[in-house]
2 protein chains.
Amino acid sequence: MTITAPKGFRAAGVTAGLKPSGKPDVALVVNDGPGDAAAAVFTTNRCKANPVLWSEQVMTDRRAKAVVLNSGGANCYTGPQGFQNTHASAEQVAEGLGIGPIDVVVCSTGLIGDQLDAEKLSTGIAGALADLSDGGGAAAAEAIMTTDTRSKQAVREGSGYRVAGMAKGAGMLAPALATMLVVLTTDADVDGSTADRALREATRVTFDRLDSDGCMSTNDTVLLMCSAASGVRPDEAEFFELVRQVCHDLAMQLLADAEGAEHEIAIEVVGAASESDAVEVGRAIARSNLFKCAVYGKDPNWGRILASVGTTSAAFEPDELDVAFNGVWVCRGGGPGEPRGKVDLTDRAVTVTVDLKAGTESATVWTNDLTHAYVHENSAYST
Amino acid sequence: MTITAPKGFRAAGVTAGLKPSGKPDVALVVNDGPGDAAAAVFTTNRCKANPVLWSEQVMTDRRAKAVVLNSGGANCYTGPQGFQNTHASAEQVAEGLGIGPIDVVVCSTGLIGDQLDAEKLSTGIAGALADLSDGGGAAAAEAIMTTDTRSKQAVREGSGYRVAGMAKGAGMLAPALATMLVVLTTDADVDGSTADRALREATRVTFDRLDSDGCMSTNDTVLLMCSAASGVRPDEAEFFELVRQVCHDLAMQLLADAEGAEHEIAIEVVGAASESDAVEVGRAIARSNLFKCAVYGKDPNWGRILASVGTTSAAFEPDELDVAFNGVWVCRGGGPGEPRGKVDLTDRAVTVTVDLKAGTESATVWTNDLTHAYVHENSAYST
């Protein structure tokens, strides 16, 4: 079950030859309506890739009828020629579907700084147009993978409608989204404004709190397309919750497939004076290479956590801080608590809990450990 | 030539048994005057180690007559018992020298969260008091090492006086100082206010711009003690410059000995609208694990640099950015420039230049690459 599970959508994933591996690399998702409301969230990086510059324009009216995505090249920092390639992709999709190019979102992922092969890309888009089907979601999810080891998909059932999604991303996951392309589909009948609010509320507590390696991508796009094909106007609370669930599900799949990681780490910050304090503390810990190395070494090194907490402006007193690894409170009152030896970090899933003792707010930030394999993948990636 | 090169100072370095390795671990530096002006800069981490909490009190009057330093334990997050150990050290040194404890700075370095062995520490301090000599500087510099592979010392000659220093630190070098203990000595006759200004101006452009791994320490202390034993009141410009030179020399020694690093990277940001813009951009690049992995892999990956620049609030236009590796402008106008193949990253020293095209200000930030050895040292450190 994938992005074609909601009614009104067709998809395809084909091989254009952009990837040296010869694996699928062009995906197309089409919303056949009757509705075309849409919402999107993009990277906040100021140095954006060409497809993001284009798609931001597409989304100004909160409508989209199709999204074309390619792996095998980010089309980022490729200048006017790169923008022209993005624009030509939208034109080609529009022509094939009989719609306007301004309703076609474009996403790219892969290496930065190289021009896409326009001819191969065009051949791929033609193939995807020909291959479109209401069973094509899984192929589309395959075609957007880069260093991902598996495709990421999620579906939730609402009262008479569905919300579905696919995602790619395995590194550079931070701090407001990731090198992450996500397409959500729904056959619920919602307007663009509702879709926008639902998507922003969902990304705020899911993708935005994923901080795999502290590096902000240039191509991040999360797109929600609404076909209204179910004819159901959803209860807003239910719809928002389902969008959040699909985003959370995909975010956890991204976390579990992060480059080289051996642990998925949930950093729960509790007792905070505000949610933003909790997020700031969680992010500071998630950015500590020393902490991340310690988890890789299965070492419940709470000192490195306190050292990170101390870099923030959150409300707390240093001698009141408590820290637990997997429920064992190894730090109490800013000093040693239960013995470190009681902590077992052999499982991939690790939960770190930090109690700031300053209020009742909380937040969770997710990250990965820093491993030999991460260094290897990211030092050898382009060579 | 070391910290006992300026007149009026004695030092010692002895083995107290705090380090399992049996290497020297207690150092003492004494200012015999006639002057006792001093200045210090401490970590800005809010979760500070006990010796920092004590030494901040000592330095409120800008006077110090001695500093006692131990490796083999940071005495950090060790609660009231830890503070008591710090205080007892100052008392013991004061009694041995016939001075007040409030003139004794205390520094500790090593693992966080463990209590120091008070008995061993006391035996070590007694030994250091007995060993004090005007040739003891090198032994003191040895005794403060942790994962350092060599001791760090520097001396500069002024007009009738000297400025000298010793340092330790090999990781956690950021962002305002490092896990870094630095003691500077001078026999120039300066008052506490002048010493303070000289030290702050020097650390601002040296230790503060060293960002080895983005992690802020809990114990950082940079202390400058002034004996006035030369009888020379220095020209202020010359004195400030010599203090800066000693700090720069020690900072480069710290950079070259960073845990697991294979490259020393100078990030020069030019064409900035302001110095703070240049520093912000330099720091953002220095914090990018993806960039640091690329340098380790000898890959002049300018795309990862632009992606970091894009996370800052500095003044620039994305399509005007130029980036060079070792003088080869691989990125021009936010897109590909000269071929990457022209860049040779086999030498340890790497210079990255980023031209923001937004003004005439500049700054240099120094960092290291992210290597397998870094991950190894920091995942295995405490186990």
# chains A, B, ... in the order shown; residues from 1 in each chain; ligands from 1

call {"tool": "residues_around", "arguments": {"residues": "Leu224 (chain B)", "least_positions_apart": "6", "cutoff": "8 Å", "atoms": "only C-alpha atoms", "output": "list in words"}}
result
Ala38, Ala39, Ala40, Val183, Leu184, Thr185, Thr186, Ala195 and Leu199 of chain B

call {"tool": "residues_around", "arguments": {"residues": "Cys47 (chain B)", "least_positions_apart": "4", "cutoff": "8 Å", "atoms": "only C-alpha atoms", "output": "list in words"}}
result
Leu306, Ala307, Val309, Gly310, Thr311 and Pro318 of chain A; Tyr77 and Thr218 of chain B

call {"tool": "write_last_selection", "arguments": {"atoms": "all heavy atoms", "output": "short mmCIF file (atom, residue, chain, number, x, y, z; two decimals), in the first residue's frame"}}
result
data_model
loop_
_atom_site.label_atom_id
_atom_site.label_comp_id
_atom_site.auth_asym_id
_atom_site.auth_seq_id
_atom_site.Cartn_x
_atom_site.Cartn_y
_atom_site.Cartn_z
N LEU A 306 25.20 16.58 29.53
CA LEU A 306 25.15 17.82 30.32
C LEU A 306 25.96 18.93 29.66
O LEU A 306 25.55 20.09 29.66
CB LEU A 306 25.66 17.57 31.74
CG LEU A 306 24.57 17.43 32.81
CD1 LEU A 306 23.61 16.32 32.47
CD2 LEU A 306 25.15 17.25 34.19
N ALA A 307 27.10 18.57 29.09
CA ALA A 307 27.92 19.57 28.41
C ALA A 307 27.16 20.20 27.24
O ALA A 307 27.33 21.38 26.94
CB ALA A 307 29.24 18.96 27.93
N VAL A 309 23.70 20.33 27.07
CA VAL A 309 22.61 21.10 27.66
C VAL A 309 23.12 22.48 28.07
O VAL A 309 22.43 23.50 27.88
CB VAL A 309 22.01 20.35 28.87
CG1 VAL A 309 20.93 21.19 29.54
CG2 VAL A 309 21.45 18.99 28.46
N GLY A 310 24.34 22.52 28.57
CA GLY A 310 24.94 23.77 29.05
C GLY A 310 25.22 24.79 27.97
O GLY A 310 25.50 25.94 28.27
N THR A 311 25.15 24.39 26.71
CA THR A 311 25.36 25.35 25.61
C THR A 311 24.08 26.06 25.22
O THR A 311 24.11 26.96 24.39
CB THR A 311 25.91 24.65 24.35
OG1 THR A 311 24.91 23.78 23.82
CG2 THR A 311 27.16 23.86 24.66
N PRO A 318 21.95 23.90 36.60
CA PRO A 318 22.86 22.78 36.34
C PRO A 318 22.82 21.68 37.40
O PRO A 318 22.94 20.51 37.08
CB PRO A 318 24.24 23.46 36.31
CG PRO A 318 23.96 24.86 35.88
CD PRO A 318 22.62 25.21 36.47
N TYR B 77 30.66 17.86 37.18
CA TYR B 77 29.40 17.19 37.51
C TYR B 77 29.64 16.20 38.65
O TYR B 77 29.19 15.06 38.64
CB TYR B 77 28.79 16.51 36.27
CG TYR B 77 28.73 17.42 35.07
CD1 TYR B 77 28.84 16.92 33.79
CD2 TYR B 77 28.56 18.79 35.23
CE1 TYR B 77 28.79 17.75 32.69
CE2 TYR B 77 28.52 19.64 34.13
CZ TYR B 77 28.63 19.11 32.86
OH TYR B 77 28.59 19.94 31.77
N THR B 218 33.54 21.90 29.37
CA THR B 218 33.02 22.26 30.69
C THR B 218 34.11 22.83 31.58
O THR B 218 33.82 23.30 32.66
CB THR B 218 32.49 21.00 31.35
OG1 THR B 218 33.54 20.02 31.33
CG2 THR B 218 31.30 20.46 30.59
#

call {"tool": "residues_around", "arguments": {"residues": "region 290-292 of chain A", "least_positions_apart": "2", "cutoff": "6 Å", "atoms": "only C-alpha atoms", "output": "ChimeraX atom specification"}}
result
/A:288,294-295,304,369-370

call {"tool": "select_by_dssp", "arguments": {"residues": "region 78-212 of chain A", "states": "alpha helix (DSSP H)", "output": "PyMOL selection string"}}
result
chain A and resi 79-97+118-131+137-143+192-205

call {"tool": "residues_around", "arguments": {"residues": "region 233-244 of chain A", "least_positions_apart": "3", "cutoff": "8 Å", "atoms": "only C-alpha atoms", "output": "PyMOL selection string"}}
result
chain A and resi 156-159+161+163+188-190+198-199+201-203+206+247-248

call {"tool": "write_last_selection", "arguments": {"atoms": "N, CA and C atoms", "output": "tab-separated table (two decimals), in the first residue's frame"}}
result
chain	number	residue	atom	x	y	z
A	156	ARG	N	-2.49	5.44	5.93
A	156	ARG	CA	-3.45	5.41	7.05
A	156	ARG	C	-4.87	5.51	6.48
A	157	GLU	N	-5.78	4.81	7.15
A	157	GLU	CA	-7.19	4.81	6.76
A	157	GLU	C	-7.96	5.82	7.59
A	158	GLY	N	-8.67	6.72	6.93
A	158	GLY	CA	-9.56	7.63	7.64
A	158	GLY	C	-11.01	7.16	7.48
A	159	SER	N	-11.95	8.00	7.88
A	159	SER	CA	-13.38	7.67	7.76
A	159	SER	C	-13.83	7.94	6.34
A	161	TYR	N	-11.75	7.84	3.63
A	161	TYR	CA	-10.66	8.36	2.81
A	161	TYR	C	-9.34	7.81	3.34
A	163	VAL	N	-4.87	8.57	3.70
A	163	VAL	CA	-3.69	9.42	3.58
A	163	VAL	C	-2.51	8.49	3.40
A	188	ALA	N	-9.06	12.72	0.46
A	188	ALA	CA	-9.99	13.56	1.23
A	188	ALA	C	-10.22	14.86	0.46
A	189	ASP	N	-11.37	15.44	0.71
A	189	ASP	CA	-11.73	16.70	0.04
A	189	ASP	C	-11.39	17.86	0.99
A	190	VAL	N	-10.19	18.38	0.86
A	190	VAL	CA	-9.78	19.51	1.70
A	190	VAL	C	-9.27	20.63	0.81
A	198	ALA	N	-2.44	21.39	7.97
A	198	ALA	CA	-2.23	19.99	8.37
A	198	ALA	C	-0.78	19.59	8.16
A	199	LEU	N	-0.21	19.99	7.01
A	199	LEU	CA	1.15	19.59	6.69
A	199	LEU	C	2.15	20.28	7.61
A	201	GLU	N	1.65	21.51	10.67
A	201	GLU	CA	1.57	20.97	12.04
A	201	GLU	C	2.24	19.60	12.13
A	202	ALA	N	2.11	18.82	11.06
A	202	ALA	CA	2.69	17.47	11.07
A	202	ALA	C	4.21	17.52	10.94
A	203	THR	N	4.73	18.32	10.00
A	203	THR	CA	6.19	18.36	9.81
A	203	THR	C	6.89	18.95	11.01
A	206	THR	N	7.53	16.14	13.39
A	206	THR	CA	8.07	14.87	12.85
A	206	THR	C	9.39	15.14	12.11
A	247	CYS	N	3.43	11.15	8.42
A	247	CYS	CA	4.73	11.83	8.51
A	247	CYS	C	5.62	11.17	9.56
A	248	HIS	N	5.03	10.84	10.71
A	248	HIS	CA	5.81	10.21	11.78
A	248	HIS	C	6.34	8.86	11.33

call {"tool": "closest_residue", "arguments": {"among": "B:Arg197, B:Lys357, B:Lys7, B:Lys298", "to": "chain A", "atoms": "only C-alpha atoms"}}
result
B:Lys298

call {"tool": "atom_distance", "arguments": {"atom1": "CA of Asn378 (chain A)", "atom2": "CA of Val375 (chain B)"}}
result
13.5 Å

call {"tool": "closest_atom_pairs", "arguments": {"of": "region 16-66 of chain B", "to": "region 327-346 of chain A", "cutoff": "12 Å", "atoms": "only C-alpha atoms", "output": "Markdown table"}}
result
| residue | atom | partner | partner_atom | distance |
| --- | --- | --- | --- | --- |
| B:Arg46 | CA | A:Gly334 | CA | 11.8 |
| B:Cys47 | CA | A:Gly334 | CA | 8.5 |
| B:Lys48 | CA | A:Gly334 | CA | 10.4 |
| B:Ala49 | CA | A:Gly334 | CA | 10.7 |
| B:Asn50 | CA | A:Gly335 | CA | 11.4 |

call {"tool": "closest_residue", "arguments": {"among": "A:Thr4, A:Thr78, A:Ser122, A:Gln84", "to": "Gln153 (chain A)", "atoms": "only C-alpha atoms"}}
result
A:Thr4

call {"tool": "residues_around", "arguments": {"residues": "region 135-145 of chain A", "least_positions_apart": "3", "cutoff": "9 Å", "atoms": "only C-alpha atoms", "output": "PyMOL selection string"}}
result
chain A and resi 1-5+9-15+23-29+69-72+108-109+131-132+148-153+166-170+181

call {"tool": "select_by_dssp", "arguments": {"residues": "region 15-168 of chain B", "states": "strand (DSSP E)", "output": "ChimeraX atom specification"}}
result
/B:26-31,37-42,66-70,104-108,152-157,162-168

call {"tool": "residues_around", "arguments": {"residues": "Thr360 (chain B)", "least_positions_apart": "6", "cutoff": "10 Å", "atoms": "only C-alpha atoms", "output": "PyMOL selection string"}}
result
chain B and resi 270-275

call {"tool": "residues_around", "arguments": {"residues": "Ser313 (chain B)", "least_positions_apart": "5", "cutoff": "9 Å", "atoms": "only C-alpha atoms", "output": "JSON, numbers by chain"}}
result
{"A": [46], "B": [277, 280, 281]}

call {"tool": "write_last_selection", "arguments": {"atoms": "N, CA and C atoms", "output": "mmCIF file, in the first residue's frame"}}
result
data_model
loop_
_atom_site.group_PDB
_atom_site.id
_atom_site.type_symbol
_atom_site.label_atom_id
_atom_site.label_comp_id
_atom_site.auth_asym_id
_atom_site.auth_seq_id
_atom_site.Cartn_x
_atom_site.Cartn_y
_atom_site.Cartn_z
ATOM 1 N N ARG A 46 19.252 28.830 2.415
ATOM 2 C CA ARG A 46 19.200 29.979 1.504
ATOM 3 C C ARG A 46 19.838 29.656 0.159
ATOM 4 N N ASP B 277 29.689 38.322 10.343
ATOM 5 C CA ASP B 277 29.205 37.496 9.234
ATOM 6 C C ASP B 277 30.262 36.470 8.828
ATOM 7 N N GLU B 280 30.480 33.771 11.429
ATOM 8 C CA GLU B 280 29.295 32.895 11.399
ATOM 9 C C GLU B 280 29.394 31.887 10.253
ATOM 10 N N VAL B 281 29.807 32.362 9.086
ATOM 11 C CA VAL B 281 29.934 31.466 7.930
ATOM 12 C C VAL B 281 31.047 30.437 8.165
#

call {"tool": "decode", "arguments": {"residues": "region 22-71 of chain A", "atoms": "N, CA and C atoms", "output": "compact mmCIF listing (two decimals), in the first residue's frame"}}
result
# COMPACT_ATOMS: atom_id res chain seq x y z
N GLY A 22 22.17 2.01 -12.82
CA GLY A 22 21.12 1.47 -13.68
C GLY A 22 19.83 1.15 -12.95
N LYS A 23 19.70 1.65 -11.71
CA LYS A 23 18.45 1.45 -10.97
C LYS A 23 17.44 2.53 -11.34
N PRO A 24 16.16 2.32 -11.02
CA PRO A 24 15.14 3.31 -11.36
C PRO A 24 15.48 4.69 -10.80
N ASP A 25 15.20 5.74 -11.56
CA ASP A 25 15.64 7.07 -11.14
C ASP A 25 14.69 8.20 -11.54
N VAL A 26 13.55 7.89 -12.17
CA VAL A 26 12.57 8.94 -12.44
C VAL A 26 11.21 8.46 -11.94
N ALA A 27 10.55 9.30 -11.12
CA ALA A 27 9.23 8.97 -10.59
C ALA A 27 8.25 10.08 -10.95
N LEU A 28 7.01 9.68 -11.14
CA LEU A 28 5.97 10.64 -11.47
C LEU A 28 4.73 10.27 -10.66
N VAL A 29 4.12 11.27 -10.04
CA VAL A 29 2.88 11.07 -9.30
C VAL A 29 1.88 12.09 -9.83
N VAL A 30 0.72 11.61 -10.24
CA VAL A 30 -0.28 12.49 -10.87
C VAL A 30 -1.57 12.45 -10.06
N ASN A 31 -2.11 13.63 -9.81
CA ASN A 31 -3.39 13.77 -9.14
C ASN A 31 -4.46 14.01 -10.21
N ASP A 32 -5.33 13.01 -10.42
CA ASP A 32 -6.37 13.13 -11.45
C ASP A 32 -7.63 13.81 -10.93
N GLY A 33 -7.59 14.24 -9.69
CA GLY A 33 -8.71 15.02 -9.18
C GLY A 33 -9.91 14.20 -8.74
N PRO A 34 -11.05 14.86 -8.60
CA PRO A 34 -11.40 16.17 -9.16
C PRO A 34 -10.71 17.38 -8.51
N GLY A 35 -10.23 17.25 -7.26
CA GLY A 35 -9.60 18.39 -6.60
C GLY A 35 -8.11 18.48 -6.92
N ASP A 36 -7.53 19.65 -6.69
CA ASP A 36 -6.08 19.78 -6.89
C ASP A 36 -5.43 20.63 -5.79
N ALA A 37 -6.09 20.67 -4.62
CA ALA A 37 -5.48 21.39 -3.50
C ALA A 37 -4.16 20.71 -3.13
N ALA A 38 -3.22 21.50 -2.69
CA ALA A 38 -1.92 20.96 -2.33
C ALA A 38 -1.22 21.89 -1.35
N ALA A 39 -0.22 21.35 -0.68
CA ALA A 39 0.59 22.16 0.25
C ALA A 39 2.00 21.60 0.19
N ALA A 40 2.97 22.45 0.49
CA ALA A 40 4.35 21.99 0.47
C ALA A 40 5.18 22.74 1.49
N VAL A 41 6.20 22.06 1.98
CA VAL A 41 7.19 22.65 2.86
C VAL A 41 8.55 22.40 2.21
N PHE A 42 9.39 23.44 2.17
CA PHE A 42 10.69 23.32 1.51
C PHE A 42 11.83 23.58 2.49
N THR A 43 13.02 23.19 2.09
CA THR A 43 14.20 23.49 2.90
C THR A 43 14.26 24.99 3.19
N THR A 44 14.79 25.32 4.38
CA THR A 44 14.99 26.72 4.71
C THR A 44 16.41 27.17 4.34
N ASN A 45 17.17 26.28 3.72
CA ASN A 45 18.51 26.67 3.26
C ASN A 45 18.40 27.82 2.27
N ARG A 46 19.25 28.83 2.42
CA ARG A 46 19.20 29.98 1.50
C ARG A 46 19.84 29.66 0.16
N CYS A 47 20.72 28.66 0.13
CA CYS A 47 21.29 28.20 -1.13
C CYS A 47 20.49 26.99 -1.59
N LYS A 48 19.43 27.24 -2.33
CA LYS A 48 18.47 26.20 -2.68
C LYS A 48 18.80 25.61 -4.05
N ALA A 49 18.36 24.38 -4.26
CA ALA A 49 18.51 23.75 -5.57
C ALA A 49 17.48 24.30 -6.54
N ASN A 50 17.76 24.15 -7.83
CA ASN A 50 16.86 24.68 -8.86
C ASN A 50 15.43 24.14 -8.76
N PRO A 51 15.23 22.82 -8.53
CA PRO A 51 13.85 22.35 -8.44
C PRO A 51 13.07 22.99 -7.29
N VAL A 52 13.78 23.34 -6.20
CA VAL A 52 13.09 24.01 -5.09
C VAL A 52 12.69 25.42 -5.51
N LEU A 53 13.60 26.12 -6.19
CA LEU A 53 13.27 27.48 -6.66
C LEU A 53 12.04 27.45 -7.56
N TRP A 54 11.97 26.45 -8.44
CA TRP A 54 10.81 26.29 -9.32
C TRP A 54 9.55 25.94 -8.54
N SER A 55 9.66 24.93 -7.68
CA SER A 55 8.46 24.40 -7.01
C SER A 55 7.86 25.40 -6.03
N GLU A 56 8.70 26.26 -5.46
CA GLU A 56 8.16 27.31 -4.60
C GLU A 56 7.19 28.19 -5.40
N GLN A 57 7.53 28.44 -6.67
CA GLN A 57 6.63 29.21 -7.52
C GLN A 57 5.34 28.44 -7.79
N VAL A 58 5.50 27.16 -8.08
CA VAL A 58 4.32 26.31 -8.36
C VAL A 58 3.34 26.36 -7.20
N MET A 59 3.87 26.37 -5.99
CA MET A 59 3.00 26.19 -4.82
C MET A 59 2.39 27.48 -4.29
N THR A 60 2.66 28.61 -4.92
CA THR A 60 2.12 29.87 -4.40
C THR A 60 0.59 29.87 -4.39
N ASP A 61 -0.03 29.14 -5.31
CA ASP A 61 -1.50 29.10 -5.34
C ASP A 61 -2.07 27.87 -4.62
N ARG A 62 -1.20 27.13 -3.94
CA ARG A 62 -1.62 25.93 -3.19
C ARG A 62 -2.40 24.94 -4.05
N ARG A 63 -1.94 24.79 -5.29
CA ARG A 63 -2.53 23.80 -6.19
C ARG A 63 -1.40 23.07 -6.90
N ALA A 64 -1.58 21.76 -7.10
CA ALA A 64 -0.61 20.99 -7.89
C ALA A 64 -1.32 19.77 -8.44
N LYS A 65 -1.01 19.44 -9.67
CA LYS A 65 -1.65 18.29 -10.32
C LYS A 65 -0.68 17.16 -10.56
N ALA A 66 0.62 17.42 -10.39
CA ALA A 66 1.60 16.36 -10.60
C ALA A 66 2.92 16.75 -9.96
N VAL A 67 3.71 15.73 -9.66
CA VAL A 67 5.08 15.96 -9.21
C VAL A 67 5.98 14.96 -9.93
N VAL A 68 7.06 15.49 -10.49
CA VAL A 68 8.04 14.63 -11.14
C VAL A 68 9.32 14.69 -10.31
N LEU A 69 9.87 13.53 -10.01
CA LEU A 69 11.04 13.46 -9.14
C LEU A 69 12.13 12.65 -9.82
N ASN A 70 13.39 13.10 -9.67
CA ASN A 70 14.48 12.26 -10.15
C ASN A 70 15.53 12.07 -9.08
N SER A 71 16.12 10.89 -9.04
CA SER A 71 17.35 10.67 -8.29
C SER A 71 18.50 10.67 -9.30
